[in-house]
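Structure, as structure tokens:
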Amino acid sequence: VFRTNSKGGSATYSAYNNYVINLETGDLLTENDLFEAGYDVALQQLFATKLLQQNNVSTVYDLEELGYFGIDEIMPNRNFLIDESGITYIFNKGEYSAYLLDAPEVFIPFDELRMLLKENTLVTKLAQQ
């Protein structure tokens with residue numbers, strides 16, 4: 001879901017809220033449904049690595065120079081989507097980046113997530129395809 005709140009000029013705020021729904025039950029899926037315990041620390045490291053790669057820089061300091069902040073503390077935010085290739089997290093403007101930057105999106109392919117996924121879930125089945 002994309003929301004925007006325009007107050008005119010540069011005071012416009014936009015945000016993405018993703019909802020992952022189990023199409024068999026209609027239930028919302030959460031990170032706790034998908035991942036084994038301790039996933040948050042492992043994802044934190046993946047997020048930082050992916051942001052470094054996406055921005056063609058080598059250190060968190062370099063990311064800070066581009067307008068990111070708090071990358072050492074970046075955590076899963078329940079704002080993710082799933083496709084046939086992996087999971088994409090969206091961090092809205094102001095969460096870990098300046099409002100002048102686009103909302104950071106971090107895609108993690110299933111092959112990098114397999115060790116974190118719970119067994120016998122819909123996502124595990126999707127990851128095995």
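Chain lettering (A, B, ...) mirrors the order of the structure tokens, residue numbering begins at 1 for each chain separately, and ligand numbering begins at 1 in order of display.
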Please produce, as CSV, a per-residue contact table for range 14-97 of chain A versus range 111-119 of chain A (criterion: any atom at most 8 Å away, only C-alpha atoms considered), showing the nearest atom pair and its distance in Å to one decimal, sorted by chain then residue number.
residue,atom,partner,partner_atom,distance
A:Asp33,CA,A:Lys118,CA,7.7
A:Leu34,CA,A:Lys118,CA,5.7
A:Phe35,CA,A:Leu117,CA,4.4
A:Glu36,CA,A:Lys118,CA,5.3
A:Tyr39,CA,A:Leu116,CA,6.0
A:Ala42,CA,A:Leu116,CA,8.0
If you count only C-alpha atoms, which residues fall within 12 Å of Phe107 in chain A, apart from same-chain ones fewer than 6 positions away, as a list of chain:residue names?
-> A:Leu43, A:Leu46, A:Phe47, A:Ala48, A:Thr49, A:Lys50, A:Leu51, A:Gln53, A:Gln54, A:Phe80, A:Leu81, A:Ile82, A:Asp83, A:Glu84, A:Ser85, A:Gly86, A:Ile87, A:Thr88, A:Tyr89, A:Ile90, A:Phe91, A:Leu113
Please return, as a PDB file with N, CA and C atoms, in the first residue's frame, all residues of range 47-84 of chain A that DSSP assigns to strand (DSSP E or B) on the basis of the backbone.
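Full text of out_13.pdb as output:
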ATOM      1  N   TYR A  68      22.395   8.127   4.557  1.00  0.00           N
ATOM      2  CA  TYR A  68      21.850   7.059   5.399  1.00  0.00           C
ATOM      3  C   TYR A  68      22.301   7.287   6.837  1.00  0.00           C
ATOM      4  N   PHE A  80       7.767  -5.907   4.404  1.00  0.00           N
ATOM      5  CA  PHE A  80       8.434  -6.719   3.391  1.00  0.00           C
ATOM      6  C   PHE A  80       7.420  -7.279   2.410  1.00  0.00           C
ATOM      7  N   LEU A  81       7.944  -7.709   1.268  1.00  0.00           N
ATOM      8  CA  LEU A  81       7.122  -8.410   0.289  1.00  0.00           C
ATOM      9  C   LEU A  81       7.899  -9.618  -0.195  1.00  0.00           C
ATOM     10  N   ILE A  82       7.181 -10.589  -0.704  1.00  0.00           N
ATOM     11  CA  ILE A  82       7.777 -11.848  -1.147  1.00  0.00           C
ATOM     12  C   ILE A  82       7.413 -12.067  -2.601  1.00  0.00           C
TER      13      ILE A  82
END
Neighbours of Asn55 in chain A within 12 Å (only C-alpha atoms; same-chain residues fewer than 3 positions away dropped), as a PyMOL selection string?
-> chain A and resi 48-52+58-60+62-68+101+104-106
Just C-alpha atoms for this one: save the residues we selected as a PDB file, in the first residue's frame.
ATOM      1  CA  ALA A  48      23.940  -3.536   5.798  1.00  0.00           C
ATOM      2  CA  THR A  49      25.814  -5.644   3.239  1.00  0.00           C
ATOM      3  CA  LYS A  50      23.116  -5.181   0.593  1.00  0.00           C
ATOM      4  CA  LEU A  51      22.941  -1.411   1.120  1.00  0.00           C
ATOM      5  CA  LEU A  52      26.716  -1.179   0.745  1.00  0.00           C
ATOM      6  CA  SER A  58      32.567  -0.114   1.147  1.00  0.00           C
ATOM      7  CA  THR A  59      31.829   1.256   4.619  1.00  0.00           C
ATOM      8  CA  VAL A  60      28.900   2.360   6.742  1.00  0.00           C
ATOM      9  CA  ASP A  62      30.312   5.974   3.146  1.00  0.00           C
ATOM     10  CA  LEU A  63      26.576   5.273   3.432  1.00  0.00           C
ATOM     11  CA  GLU A  64      26.276   8.022   6.031  1.00  0.00           C
ATOM     12  CA  GLU A  65      27.948  10.423   3.606  1.00  0.00           C
ATOM     13  CA  LEU A  66      25.195   9.556   1.088  1.00  0.00           C
ATOM     14  CA  GLY A  67      22.414  10.343   3.576  1.00  0.00           C
ATOM     15  CA  TYR A  68      21.850   7.059   5.399  1.00  0.00           C
ATOM     16  CA  LEU A 101      16.630   9.852  -0.750  1.00  0.00           C
ATOM     17  CA  PRO A 104      15.610   2.123   0.504  1.00  0.00           C
ATOM     18  CA  GLU A 105      14.617  -1.301  -0.799  1.00  0.00           C
ATOM     19  CA  VAL A 106      16.718  -4.303   0.156  1.00  0.00           C
TER      20      VAL A 106
END
Write out as a compact mmCIF listing (two decimals) with N, CA and C atoms, in the first residue's frame each polymer residue whose atoms come within 10 Å of Glu73 in chain A, counting only C-alpha atoms; drop sequence neighbours fewer than 4 positions from it.
# COMPACT_ATOMS: atom_id res chain seq x y z
N VAL A 41 19.06 -10.58 13.94
CA VAL A 41 20.49 -10.25 13.93
C VAL A 41 21.10 -10.62 12.58
N GLN A 44 19.98 -8.16 9.99
CA GLN A 44 20.65 -6.88 10.20
C GLN A 44 21.96 -6.84 9.41
N GLN A 45 22.72 -7.90 9.47
CA GLN A 45 23.98 -7.97 8.74
C GLN A 45 23.74 -7.99 7.23
N ALA A 48 22.78 -4.43 5.92
CA ALA A 48 23.94 -3.54 5.80
C ALA A 48 24.77 -3.90 4.58
N PHE A 69 21.55 6.71 7.78
CA PHE A 69 21.96 6.80 9.18
C PHE A 69 21.43 5.57 9.92
N TYR A 96 15.90 5.03 7.98
CA TYR A 96 17.36 4.87 7.99
C TYR A 96 18.02 5.73 6.92
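All residues in range 25-74 of chain A with a DSSP state of alpha helix (DSSP H), computed from the backbone, read A:Glu31, A:Asn32, A:Asp33, A:Leu34, A:Tyr39, A:Asp40, A:Val41, A:Ala42, A:Leu43, A:Gln44, A:Gln45, A:Leu46, A:Phe47, A:Ala48, A:Thr49, A:Lys50, A:Leu51, A:Leu52, A:Gln53, A:Gln54, A:Val60, A:Tyr61, A:Asp62, A:Leu63, A:Glu64, A:Glu65, A:Leu66.
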Could you write out the selected residues, including C-alpha atoms, as a short mmCIF file (atom, residue, chain, number, x, y, z; two decimals), in the first residue's frame?
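See again11.cif below for the written result:
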data_model
loop_
_atom_site.label_atom_id
_atom_site.label_comp_id
_atom_site.auth_asym_id
_atom_site.auth_seq_id
_atom_site.Cartn_x
_atom_site.Cartn_y
_atom_site.Cartn_z
CA GLU A 31 8.51 -12.48 10.09
CA ASN A 32 7.97 -14.84 13.03
CA ASP A 33 5.94 -17.10 10.70
CA LEU A 34 8.80 -17.25 8.19
CA TYR A 39 16.65 -14.00 12.31
CA ASP A 40 16.74 -10.33 13.24
CA VAL A 41 20.49 -10.25 13.93
CA ALA A 42 21.27 -12.21 10.76
CA LEU A 43 19.03 -9.94 8.66
CA GLN A 44 20.65 -6.88 10.20
CA GLN A 45 23.98 -7.97 8.74
CA LEU A 46 22.41 -8.79 5.36
CA PHE A 47 20.68 -5.38 5.19
CA ALA A 48 23.94 -3.54 5.80
CA THR A 49 25.81 -5.64 3.24
CA LYS A 50 23.12 -5.18 0.59
CA LEU A 51 22.94 -1.41 1.12
CA LEU A 52 26.72 -1.18 0.74
CA GLN A 53 26.53 -3.16 -2.50
CA GLN A 54 23.56 -1.21 -3.88
CA VAL A 60 28.90 2.36 6.74
CA TYR A 61 30.60 5.75 6.95
CA ASP A 62 30.31 5.97 3.15
CA LEU A 63 26.58 5.27 3.43
CA GLU A 64 26.28 8.02 6.03
CA GLU A 65 27.95 10.42 3.61
CA LEU A 66 25.19 9.56 1.09
#
If you measure from CA of Leu126 in chain A to CA of Pro109 in chain A, what distance in Å do you get, rounded to one decimal?
-> 11.5 Å
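Closest to Thr121 in chain A among A:Leu100, A:Ile71, A:Ile108, A:Leu29 is A:Leu29, based on only C-alpha atoms.
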